[in-house]
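Pasted below: work_19.tsv, TSV, C-alpha atoms.
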```
chain	number	residue	atom	x	y	z
V	16	MET	CA	9.62	21.35	-1.81
V	17	LEU	CA	11.32	18.13	-2.89
V	18	HIS	CA	12.89	17.59	-6.28
V	19	VAL	CA	12.55	13.93	-7.22
V	20	SER	CA	14.11	11.90	-10.01
V	21	ALA	CA	14.11	8.27	-11.06
V	22	LYS	CA	17.28	7.81	-9.00
V	23	ASP	CA	15.43	8.55	-5.76
V	24	SER	CA	13.86	5.59	-3.99
V	25	VAL	CA	10.28	5.99	-2.87
V	26	GLY	CA	11.55	5.22	0.62
V	27	SER	CA	13.80	8.27	0.64
V	28	VAL	CA	10.98	10.46	-0.69
V	29	LEU	CA	8.54	9.16	1.91
V	30	GLY	CA	11.12	9.60	4.67
V	31	ALA	CA	11.66	13.26	3.77
V	32	VAL	CA	7.94	14.02	3.45
V	33	THR	CA	7.08	12.21	6.68
V	34	GLU	CA	9.67	14.24	8.57
V	35	GLU	CA	8.21	17.43	7.11
V	36	VAL	CA	4.57	16.71	7.96
V	37	GLN	CA	5.46	15.48	11.43
V	38	LYS	CA	7.00	18.91	12.04
V	39	LEU	CA	3.72	20.45	10.85
V	40	GLY	CA	1.83	18.41	13.46
V	41	VAL	CA	-0.21	16.31	11.05
V	42	ALA	CA	-2.03	13.37	12.67
V	43	ARG	CA	-0.56	9.90	12.29
V	44	SER	CA	-3.64	8.50	10.51
V	45	LEU	CA	-3.37	11.22	7.89
V	46	ILE	CA	0.37	10.67	7.47
V	47	HIS	CA	-0.45	7.04	6.67
V	48	ASP	CA	-2.87	8.07	3.92
V	49	LEU	CA	-0.39	10.61	2.57
V	50	GLN	CA	2.33	7.95	2.38
V	51	VAL	CA	0.09	5.58	0.43
V	52	VAL	CA	-0.92	8.37	-1.97
V	53	ILE	CA	2.69	9.44	-2.58
V	54	ASP	CA	3.71	5.85	-3.30
V	55	GLU	CA	0.83	5.50	-5.77
V	56	ILE	CA	1.76	8.72	-7.59
V	57	TYR	CA	5.44	7.80	-7.62
V	58	ALA	CA	4.66	4.32	-9.01
V	59	ASN	CA	2.30	5.83	-11.59
V	60	ILE	CA	4.94	8.24	-12.91
V	61	LYS	CA	7.53	5.46	-12.91
V	62	MET	CA	5.26	3.13	-14.87
V	63	HIS	CA	3.59	5.51	-17.33
V	64	VAL	CA	5.99	8.41	-17.87
V	65	LEU	CA	9.59	7.47	-17.02
V	66	PRO	CA	9.99	4.72	-19.64
V	67	ASP	CA	9.81	7.41	-22.37
V	68	TYR	CA	11.40	10.22	-20.32
V	69	PRO	CA	14.06	8.58	-18.11
V	70	ASP	CA	15.65	11.92	-17.16
V	71	LEU	CA	12.37	13.36	-15.93
V	72	THR	CA	12.36	15.12	-12.58
V	73	TRP	CA	9.31	16.16	-10.67
V	74	THR	CA	8.61	18.31	-7.65
V	75	LEU	CA	6.58	17.34	-4.68
V	76	SER	CA	5.39	19.78	-2.05
V	77	VAL	CA	3.26	19.43	1.06
V	78	GLU	CA	1.55	22.35	2.71
V	79	VAL	CA	-0.87	22.85	5.59
V	80	LYS	CA	-3.07	25.90	5.12
V	81	THR	CA	-6.53	27.10	6.14
V	82	GLY	CA	-7.84	23.73	7.28
V	83	PHE	CA	-6.36	21.68	4.48
V	84	LEU	CA	-3.34	19.51	3.84
V	85	ASP	CA	-2.30	19.84	0.20
V	86	LEU	CA	0.06	17.60	-1.71
V	87	ALA	CA	1.16	18.98	-5.09
V	88	VAL	CA	3.15	17.00	-7.66
V	89	GLU	CA	4.38	18.74	-10.81
V	90	TYR	CA	6.41	17.70	-13.80
V	91	ARG	CA	6.99	18.95	-17.31
V	92	GLY	CA	6.10	16.26	-19.83
V	93	PRO	CA	3.37	14.71	-21.93
V	94	HIS	CA	-0.25	15.09	-20.87
V	95	PHE	CA	-1.19	12.24	-18.54
V	96	ASP	CA	-4.38	12.50	-16.53
V	97	PRO	CA	-4.44	9.95	-13.69
V	98	THR	CA	-7.64	11.14	-12.01
V	99	HIS	CA	-10.10	8.87	-13.73
V	100	PRO	CA	-9.55	5.35	-12.43
V	101	ARG	CA	-11.70	2.52	-13.58
V	102	PRO	CA	-14.09	1.52	-10.77
V	103	LEU	CA	-13.21	-1.61	-8.85
V	104	ALA	CA	-15.28	-4.32	-10.48
V	105	GLY	CA	-16.97	-6.92	-8.35
V	106	ASP	CA	-15.67	-8.50	-5.21
V	107	LEU	CA	-13.45	-11.13	-6.75
V	108	PRO	CA	-9.77	-10.54	-6.22
V	109	GLU	CA	-8.97	-11.51	-9.80
V	110	SER	CA	-10.85	-8.46	-11.04
V	111	GLN	CA	-8.63	-6.17	-8.99
V	112	GLU	CA	-5.25	-7.36	-10.15
V	113	ASP	CA	-5.23	-5.08	-13.15
V	114	GLY	CA	-4.46	-1.38	-13.17
V	115	GLY	CA	-6.57	1.27	-11.51
V	116	MET	CA	-6.30	-0.02	-7.95
V	117	GLY	CA	-3.71	2.60	-7.00
V	118	LEU	CA	-5.75	5.45	-8.40
V	119	ASN	CA	-8.84	4.19	-6.64
V	120	LEU	CA	-6.82	4.23	-3.42
V	121	ILE	CA	-5.80	7.86	-3.98
V	122	SER	CA	-9.44	8.85	-4.48
V	123	ALA	CA	-10.64	6.85	-1.48
V	124	LEU	CA	-7.96	8.03	0.94
V	125	SER	CA	-8.15	11.75	0.10
V	126	ASP	CA	-10.88	14.37	0.00
V	127	ASP	CA	-10.03	15.77	-3.42
V	128	PHE	CA	-7.78	14.67	-6.29
V	129	ARG	CA	-7.34	17.03	-9.24
V	130	TYR	CA	-5.23	17.16	-12.34
V	131	ASN	CA	-4.32	20.12	-14.51
V	132	TYR	CA	-2.22	20.41	-17.67
V	133	HIS	CA	-1.00	23.83	-18.75
V	134	ASN	CA	1.88	24.85	-21.04
V	135	GLY	CA	3.43	21.40	-20.85
V	136	MET	CA	3.22	21.19	-17.06
V	137	ASN	CA	1.34	18.34	-15.38
V	138	THR	CA	0.03	19.23	-11.94
V	139	MET	CA	-1.63	16.83	-9.53
V	140	LEU	CA	-3.18	18.23	-6.39
V	141	VAL	CA	-4.36	15.96	-3.59
V	142	ARG	CA	-6.19	17.56	-0.71
V	143	TRP	CA	-7.31	16.48	2.75
V	144	ASN	CA	-9.78	18.46	4.81
V	145	LEU	CA	-8.25	18.72	8.28
V	146	GLU	CA	-11.57	19.68	9.83
V	147	SER	CA	-13.34	16.53	8.69
V	148	ASP	CA	-14.08	14.66	11.94
V	149	SER	CA	-15.33	11.64	10.05
V	150	LYS	CA	-11.94	11.10	8.42
V	151	GLU	CA	-10.07	11.67	11.70
V	152	THR	CA	-7.75	14.07	9.96
V	153	LEU	CA	-7.53	16.71	12.64
V	154	LEU	CA	-4.13	18.14	13.31
V	155	CYS	CA	-2.52	16.96	16.54
V	156	ARG	CA	-2.40	19.85	18.97
X	216	MET	CA	12.01	2.56	4.51
X	217	SER	CA	12.47	-1.17	4.10
X	218	LEU	CA	10.72	-4.47	4.62
X	219	ASP	CA	11.89	-7.37	6.80
X	220	ILE	CA	10.33	-10.80	6.35
X	221	THR	CA	10.68	-13.33	9.17
X	222	VAL	CA	9.46	-16.93	9.21
X	223	ILE	CA	7.53	-17.54	12.43
X	224	GLN	CA	6.04	-20.96	11.64
X	225	GLU	CA	6.68	-23.46	8.91
X	226	SER	CA	5.35	-26.91	8.11
X	227	ASP	CA	4.61	-28.86	4.94
X	228	GLU	CA	1.20	-27.26	4.53
X	229	ALA	CA	1.43	-23.98	6.41
X	230	LEU	CA	3.71	-20.99	6.51
X	231	GLY	CA	3.54	-18.08	8.93
X	232	LEU	CA	5.46	-14.88	8.22
X	233	ARG	CA	5.93	-11.65	10.08
X	234	LEU	CA	6.33	-8.52	7.98
X	235	ASP	CA	8.04	-5.41	9.36
X	236	GLY	CA	8.32	-2.15	7.46
X	237	THR	CA	6.49	-0.77	4.47
X	238	VAL	CA	5.03	-2.71	1.56
X	239	ASP	CA	5.45	-0.08	-1.15
X	240	SER	CA	6.48	0.06	-4.79
X	241	ASP	CA	10.17	-0.30	-3.77
X	242	THR	CA	9.77	-3.23	-1.38
X	243	ALA	CA	6.91	-5.14	-3.07
X	244	PRO	CA	9.17	-6.82	-5.68
X	245	GLU	CA	11.35	-8.13	-2.84
X	246	LEU	CA	8.29	-9.49	-1.02
X	247	GLU	CA	7.05	-11.15	-4.18
X	248	ALA	CA	10.44	-12.78	-4.81
X	249	LYS	CA	10.71	-14.01	-1.20
X	250	LEU	CA	7.19	-15.45	-1.26
X	251	GLY	CA	8.05	-17.14	-4.55
X	252	GLU	CA	10.93	-18.91	-2.79
X	253	MET	CA	9.11	-19.69	0.46
X	254	VAL	CA	5.62	-20.70	-0.66
X	255	HIS	CA	6.33	-24.22	-1.85
X	256	GLU	CA	3.80	-26.23	-3.85
X	257	SER	CA	2.55	-27.98	-0.71
X	258	ILE	CA	1.72	-24.75	1.16
X	259	SER	CA	-2.00	-24.07	1.25
X	260	TYR	CA	-2.21	-21.97	4.44
X	261	LEU	CA	-0.28	-18.72	4.50
X	262	GLY	CA	-0.39	-16.51	7.57
X	263	LEU	CA	0.83	-12.92	7.56
X	264	ASN	CA	1.46	-11.12	10.83
X	265	MET	CA	1.15	-7.47	9.80
X	266	SER	CA	1.83	-5.89	13.19
X	267	GLY	CA	5.06	-4.32	11.95
X	268	VAL	CA	3.66	-3.01	8.65
X	269	SER	CA	3.23	0.76	8.72
X	270	PHE	CA	1.53	0.92	5.33
X	271	ILE	CA	0.76	-1.07	2.22
X	272	SER	CA	0.10	0.39	-1.23
X	273	SER	CA	-1.37	-1.18	-4.36
X	274	ALA	CA	2.01	-2.73	-5.25
X	275	GLY	CA	1.76	-4.82	-2.07
X	276	LEU	CA	-1.96	-5.42	-2.41
X	277	ARG	CA	-1.43	-7.07	-5.80
X	278	ILE	CA	0.87	-9.59	-4.11
X	279	VAL	CA	-1.69	-10.22	-1.38
X	280	PHE	CA	-4.34	-10.81	-4.06
X	281	LYS	CA	-1.97	-13.17	-5.87
X	282	MET	CA	-1.32	-15.17	-2.70
X	283	LEU	CA	-5.03	-15.23	-1.87
X	284	LYS	CA	-5.79	-16.63	-5.31
X	285	LEU	CA	-3.03	-19.22	-4.94
X	286	MET	CA	-4.17	-20.39	-1.50
X	287	LYS	CA	-7.80	-20.60	-2.69
X	288	SER	CA	-6.72	-22.66	-5.68
X	289	ARG	CA	-5.19	-25.11	-3.17
X	290	ASP	CA	-8.35	-25.15	-1.00
X	291	GLY	CA	-6.44	-23.29	1.67
X	292	GLN	CA	-6.57	-19.89	3.30
X	293	LEU	CA	-4.72	-16.61	3.44
X	294	MET	CA	-4.69	-15.46	7.04
X	295	VAL	CA	-3.75	-12.06	8.41
X	296	THR	CA	-3.46	-10.64	11.87
X	297	GLU	CA	-2.66	-7.42	13.71
X	298	MET	CA	-3.17	-4.93	10.90
X	299	ASN	CA	-2.93	-1.32	11.99
X	300	PRO	CA	-6.05	0.79	11.29
X	301	GLY	CA	-4.49	2.35	8.17
X	302	VAL	CA	-3.61	-1.01	6.62
X	303	GLU	CA	-7.08	-2.33	7.46
X	304	LYS	CA	-8.66	0.73	5.81
X	305	VAL	CA	-6.65	0.09	2.63
X	306	PHE	CA	-7.74	-3.59	2.63
X	307	GLU	CA	-11.36	-2.44	2.99
X	308	VAL	CA	-11.09	0.08	0.14
X	309	VAL	CA	-10.05	-2.65	-2.29
X	310	LYS	CA	-12.68	-5.06	-0.88
X	311	LEU	CA	-10.10	-7.57	0.25
X	312	MET	CA	-11.39	-8.17	3.78
X	313	PRO	CA	-14.23	-10.63	3.02
X	314	ASP	CA	-11.81	-13.07	1.37
X	315	LEU	CA	-9.27	-13.11	4.17
X	316	SER	CA	-9.24	-15.10	7.39
X	317	VAL	CA	-8.58	-12.36	9.92
X	318	PHE	CA	-7.33	-13.31	13.37
X	319	GLY	CA	-7.73	-10.99	16.35
X	320	ASN	CA	-4.13	-11.38	17.47
X	321	SER	CA	-0.94	-13.19	16.56
X	322	GLU	CA	-1.39	-15.83	19.29
X	323	GLU	CA	-4.67	-16.99	17.73
X	324	MET	CA	-3.10	-17.26	14.30
X	325	ASP	CA	-0.01	-19.02	15.68
X	326	GLU	CA	-2.25	-21.53	17.49
X	327	TYR	CA	-4.21	-22.18	14.32
X	328	LEU	CA	-1.04	-22.70	12.29
X	329	ALA	CA	0.29	-25.01	15.02
X	330	SER	CA	-2.94	-27.02	14.97
X	331	LEU	CA	-2.52	-27.51	11.22
X	332	GLN	CA	0.99	-28.81	11.85
X	333	LYS	CA	-0.26	-31.20	14.54
X	334	ALA	CA	-2.91	-32.50	12.16
X	335	GLU	CA	-0.19	-33.08	9.57
X	336	ASP	CA	1.99	-34.93	12.06
X	337	SER	CA	-0.77	-37.23	13.35
```
Using structure tokens, write down the structure that the file contains.
Amino acid sequence: MLHVSAKDSVGSVLGAVTEEVQKLGVARSLIHDLQVVIDEIYANIKMHVLPDYPDLTWTLSVEVKTGFLDLAVEYRGPHFDPTHPRPLAGDLPESQEDGGMGLNLISALSDDFRYNYHNGMNTMLVRWNLESDSKETLLCR
Amino acid sequence: MSLDITVIQESDEALGLRLDGTVDSDTAPELEAKLGEMVHESISYLGLNMSGVSFISSAGLRIVFKMLKLMKSRDGQLMVTEMNPGVEKVFEVVKLMPDLSVFGNSEEMDEYLASLQKAEDS
């Protein structure tokens, strides 16, 4: 489990997580998707939560179990549900410059993206099905 | 993780850059600032060799969209080449691919940029 604060660069977080999942034997294509998702969550917290709570810390954990890769991000703070992005509108690039693109990426690159708020704790869980051939997310053996 | 930006071709109208590293929420501001310096008013063709980019997130995609819009406004093109499958997947998710000029390899893009320079010189 990683403890992350505003002082940590996303590069250092990604470096630590990548090392961890490489040890777990996760396929390179899935590591790519995981990196994008972590950057999106990190940027989201930085943009929407940290301005009001600059001392906030959050935990990030990655686990491989029973055919799934799970990424969990938790922090104590105000309720903020990031799981309902606005759909990408149209094909024109101008329409995609506004917010929501990152959250659409999380949804598109993972198999499940859930949010829960309980007793002041925000929990985001992102899941990949490692047995999904179509997503090429099999573990390297 | 960091991002290196190298000029591979430059003329009055065209600029070719090679990106190496990650285009994430840390490095995207640096890319935006560098492009702001390098993409002069006369540039209407911007080529990005992505062979060294391991991933790009929405922070980087916003810059790509911005450059695409700028090149289109100048009747030019935004060209990319040698994306890894992950980067290409991200471009497809945000429906960016149809608006880009995608070259099969860096040689093809370099030749095209060179032909633009020759046309300028003649």
Enumerate as JSON, numbers by chain the residues belonging to chain V that approach chain X to within 7 Å, with only C-alpha atoms taken into account.
{"V": [24, 25, 26, 44, 47, 51, 54, 55, 58, 106, 108, 112, 116, 117, 120, 123]}
Could you write out that same residue set with C-alpha atoms as a PDB file, in the coordinates of the input?
```pdb
ATOM      1  CA  SER V  24      13.860   5.590  -3.990  1.00  0.00           C
ATOM      2  CA  VAL V  25      10.280   5.990  -2.870  1.00  0.00           C
ATOM      3  CA  GLY V  26      11.550   5.220   0.620  1.00  0.00           C
ATOM      4  CA  SER V  44      -3.640   8.500  10.510  1.00  0.00           C
ATOM      5  CA  HIS V  47      -0.450   7.040   6.670  1.00  0.00           C
ATOM      6  CA  VAL V  51       0.090   5.580   0.430  1.00  0.00           C
ATOM      7  CA  ASP V  54       3.710   5.850  -3.300  1.00  0.00           C
ATOM      8  CA  GLU V  55       0.830   5.500  -5.770  1.00  0.00           C
ATOM      9  CA  ALA V  58       4.660   4.320  -9.010  1.00  0.00           C
ATOM     10  CA  ASP V 106     -15.670  -8.500  -5.210  1.00  0.00           C
ATOM     11  CA  PRO V 108      -9.770 -10.540  -6.220  1.00  0.00           C
ATOM     12  CA  GLU V 112      -5.250  -7.360 -10.150  1.00  0.00           C
ATOM     13  CA  MET V 116      -6.300  -0.020  -7.950  1.00  0.00           C
ATOM     14  CA  GLY V 117      -3.710   2.600  -7.000  1.00  0.00           C
ATOM     15  CA  LEU V 120      -6.820   4.230  -3.420  1.00  0.00           C
ATOM     16  CA  ALA V 123     -10.640   6.850  -1.480  1.00  0.00           C
TER      17      ALA V 123
END
```
With all atoms listed in the file as the basis for distance, which of V:Met139, V:Leu75, V:Leu145, V:Ile60 is at the shortest distance from Leu29 in chain V?
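Closest candidate: V:Leu75.
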Extract, using all atoms listed in the file, all DNA, RNA and protein residues at most 10 Å from range 322-337 of chain X, discarding same-chain residues fewer than 4 positions from it, and format them as an MDAnalysis selection string.
chainID X and resid 223:231 260:264 294:297 316:318
Would you export the selected residues with C-alpha atoms as a compact mmCIF listing (two decimals), in the frame of the given file, please?
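Printed below is again-v1.txt as written:
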```
# COMPACT_ATOMS: atom_id res chain seq x y z
CA ILE X 223 7.53 -17.54 12.43
CA GLN X 224 6.04 -20.96 11.64
CA GLU X 225 6.68 -23.46 8.91
CA SER X 226 5.35 -26.91 8.11
CA ASP X 227 4.61 -28.86 4.94
CA GLU X 228 1.20 -27.26 4.53
CA ALA X 229 1.43 -23.98 6.41
CA LEU X 230 3.71 -20.99 6.51
CA GLY X 231 3.54 -18.08 8.93
CA TYR X 260 -2.21 -21.97 4.44
CA LEU X 261 -0.28 -18.72 4.50
CA GLY X 262 -0.39 -16.51 7.57
CA LEU X 263 0.83 -12.92 7.56
CA ASN X 264 1.46 -11.12 10.83
CA MET X 294 -4.69 -15.46 7.04
CA VAL X 295 -3.75 -12.06 8.41
CA THR X 296 -3.46 -10.64 11.87
CA GLU X 297 -2.66 -7.42 13.71
CA SER X 316 -9.24 -15.10 7.39
CA VAL X 317 -8.58 -12.36 9.92
CA PHE X 318 -7.33 -13.31 13.37
```
Contacts of Asp85 in chain V within 9 Å, only C-alpha atoms, excl. fewer than 5 positions in-chain, as a PyMOL selection string
chain V and resi 76-80+140-144
State, in Å with one decimal place, the distance from CA of Leu17 in chain V to CA of Glu245 in chain X.
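Spanning CA of Leu17 in chain V to CA of Glu245 in chain X is a straight-line distance of 26.3 Å.
Atom to atom, CA of His18 in chain V and CA of Thr72 in chain V stand 6.8 Å apart.
The space between CA of Ile56 in chain V and CA of Glu307 in chain X spans 20.2 Å.
For the set X:Leu232, X:Met265, X:Met253, X:Ala243, the residue with the smallest atom-to-atom gap to Met298 in chain X is X:Met265, counting only C-alpha atoms.
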Taking a cut-off of 10 Å and counting all atoms listed in the file, can you build a table that, for each residue of range 16-70 of chain V near range 86-100 of chain V, reports the nearest atom pair and how far apart they are in Å (one decimal), sorted by chain then residue number, as a tab-separated table?
```
residue	atom	partner	partner_atom	distance
V:Met16	CA	V:Ala87	CA	9.4
V:Leu17	CA	V:Val88	CA	9.5
V:His18	CA	V:Glu89	CA	9.7
V:Val19	CA	V:Tyr90	CA	9.8
V:Leu49	CA	V:Leu86	CA	8.2
V:Val52	CA	V:Leu86	CA	9.3
V:Ile53	CA	V:Leu86	CA	8.6
V:Ile56	CA	V:Val88	CA	8.4
V:Tyr57	CA	V:Val88	CA	9.5
V:Asn59	CA	V:Pro97	CA	8.2
V:Ile60	CA	V:Phe95	CA	9.2
V:His63	CA	V:Phe95	CA	8.3
V:Val64	CA	V:Pro93	CA	7.9
V:Leu65	CA	V:Gly92	CA	9.9
V:Asp67	CA	V:Pro93	CA	9.7
V:Tyr68	CA	V:Gly92	CA	8.1
```
From the block I gave, I'd like range 49-80 of chain V written with N, CA and C atoms, as an mmCIF file, in the first residue's frame.
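For reference, out-v6.cif as written:
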```cif
data_model
loop_
_atom_site.group_PDB
_atom_site.id
_atom_site.type_symbol
_atom_site.label_atom_id
_atom_site.label_comp_id
_atom_site.auth_asym_id
_atom_site.auth_seq_id
_atom_site.Cartn_x
_atom_site.Cartn_y
_atom_site.Cartn_z
ATOM 1 N N LEU V 49 -3.350 0.662 -16.359
ATOM 2 C CA LEU V 49 -3.288 0.994 -14.931
ATOM 3 C C LEU V 49 -2.589 2.343 -14.730
ATOM 4 N N GLN V 50 -1.514 2.574 -15.457
ATOM 5 C CA GLN V 50 -0.788 3.845 -15.332
ATOM 6 C C GLN V 50 -1.670 5.030 -15.728
ATOM 7 N N VAL V 51 -2.396 4.866 -16.833
ATOM 8 C CA VAL V 51 -3.282 5.957 -17.275
ATOM 9 C C VAL V 51 -4.339 6.229 -16.202
ATOM 10 N N VAL V 52 -4.931 5.145 -15.687
ATOM 11 C CA VAL V 52 -5.995 5.298 -14.688
ATOM 12 C C VAL V 52 -5.466 5.984 -13.425
ATOM 13 N N ILE V 53 -4.291 5.577 -12.958
ATOM 14 C CA ILE V 53 -3.727 6.200 -11.754
ATOM 15 C C ILE V 53 -3.469 7.681 -12.000
ATOM 16 N N ASP V 54 -2.950 8.022 -13.164
ATOM 17 C CA ASP V 54 -2.707 9.445 -13.455
ATOM 18 C C ASP V 54 -4.015 10.233 -13.453
ATOM 19 N N GLU V 55 -5.070 9.621 -14.004
ATOM 20 C CA GLU V 55 -6.364 10.313 -14.042
ATOM 21 C C GLU V 55 -6.912 10.537 -12.619
ATOM 22 N N ILE V 56 -6.804 9.513 -11.787
ATOM 23 C CA ILE V 56 -7.310 9.646 -10.408
ATOM 24 C C ILE V 56 -6.481 10.672 -9.641
ATOM 25 N N TYR V 57 -5.179 10.599 -9.808
ATOM 26 C CA TYR V 57 -4.277 11.542 -9.139
ATOM 27 C C TYR V 57 -4.625 12.979 -9.556
ATOM 28 N N ALA V 58 -4.778 13.186 -10.864
ATOM 29 C CA ALA V 58 -5.082 14.534 -11.378
ATOM 30 C C ALA V 58 -6.444 15.012 -10.874
ATOM 31 N N ASN V 59 -7.389 14.071 -10.778
ATOM 32 C CA ASN V 59 -8.736 14.398 -10.317
ATOM 33 C C ASN V 59 -8.723 14.874 -8.857
ATOM 34 N N ILE V 60 -7.999 14.143 -8.023
ATOM 35 C CA ILE V 60 -7.893 14.527 -6.607
ATOM 36 C C ILE V 60 -7.191 15.883 -6.497
ATOM 37 N N LYS V 61 -6.129 16.036 -7.280
ATOM 38 C CA LYS V 61 -5.364 17.287 -7.245
ATOM 39 C C LYS V 61 -6.237 18.488 -7.637
ATOM 40 N N MET V 62 -7.074 18.263 -8.647
ATOM 41 C CA MET V 62 -7.879 19.374 -9.169
ATOM 42 C C MET V 62 -9.116 19.667 -8.305
ATOM 43 N N HIS V 63 -9.774 18.604 -7.831
ATOM 44 C CA HIS V 63 -11.076 18.803 -7.189
ATOM 45 C C HIS V 63 -11.049 18.771 -5.664
ATOM 46 N N VAL V 64 -10.039 18.168 -5.073
ATOM 47 C CA VAL V 64 -10.044 18.011 -3.613
ATOM 48 C C VAL V 64 -8.917 18.796 -2.942
ATOM 49 N N LEU V 65 -7.709 18.685 -3.474
ATOM 50 C CA LEU V 65 -6.554 19.314 -2.810
ATOM 51 C C LEU V 65 -6.644 20.834 -2.633
ATOM 52 N N PRO V 66 -7.253 21.568 -3.556
ATOM 53 C CA PRO V 66 -7.300 23.025 -3.344
ATOM 54 C C PRO V 66 -7.913 23.406 -1.991
ATOM 55 N N ASP V 67 -8.914 22.645 -1.531
ATOM 56 C CA ASP V 67 -9.547 22.933 -0.235
ATOM 57 C C ASP V 67 -8.915 22.155 0.911
ATOM 58 N N TYR V 68 -8.206 21.091 0.593
ATOM 59 C CA TYR V 68 -7.597 20.235 1.635
ATOM 60 C C TYR V 68 -6.137 19.954 1.248
ATOM 61 N N PRO V 69 -5.278 20.958 1.320
ATOM 62 C CA PRO V 69 -3.898 20.799 0.818
ATOM 63 C C PRO V 69 -3.066 19.772 1.574
ATOM 64 N N ASP V 70 -3.467 19.440 2.804
ATOM 65 C CA ASP V 70 -2.692 18.458 3.579
ATOM 66 C C ASP V 70 -3.231 17.037 3.424
ATOM 67 N N LEU V 71 -4.168 16.875 2.522
ATOM 68 C CA LEU V 71 -4.788 15.563 2.332
ATOM 69 C C LEU V 71 -3.749 14.509 1.931
ATOM 70 N N THR V 72 -3.901 13.328 2.495
ATOM 71 C CA THR V 72 -3.123 12.184 2.010
ATOM 72 C C THR V 72 -4.108 11.104 1.597
ATOM 73 N N TRP V 73 -3.699 10.284 0.676
ATOM 74 C CA TRP V 73 -4.570 9.189 0.273
ATOM 75 C C TRP V 73 -3.739 7.921 0.108
ATOM 76 N N THR V 74 -4.423 6.802 0.187
ATOM 77 C CA THR V 74 -3.710 5.531 0.037
ATOM 78 C C THR V 74 -4.100 4.903 -1.289
ATOM 79 N N LEU V 75 -3.149 4.192 -1.821
ATOM 80 C CA LEU V 75 -3.357 3.550 -3.107
ATOM 81 C C LEU V 75 -2.826 2.121 -2.978
ATOM 82 N N SER V 76 -3.650 1.162 -3.299
ATOM 83 C CA SER V 76 -3.172 -0.224 -3.216
ATOM 84 C C SER V 76 -3.568 -0.998 -4.461
ATOM 85 N N VAL V 77 -2.710 -1.914 -4.833
ATOM 86 C CA VAL V 77 -2.932 -2.739 -6.027
ATOM 87 C C VAL V 77 -2.834 -4.194 -5.597
ATOM 88 N N GLU V 78 -3.793 -4.983 -6.039
ATOM 89 C CA GLU V 78 -3.816 -6.376 -5.605
ATOM 90 C C GLU V 78 -4.280 -7.271 -6.753
ATOM 91 N N VAL V 79 -3.621 -8.414 -6.899
ATOM 92 C CA VAL V 79 -4.087 -9.414 -7.855
ATOM 93 C C VAL V 79 -4.709 -10.544 -7.057
ATOM 94 N N LYS V 80 -5.995 -10.818 -7.327
ATOM 95 C CA LYS V 80 -6.643 -11.924 -6.609
ATOM 96 C C LYS V 80 -7.770 -12.522 -7.439
#
```
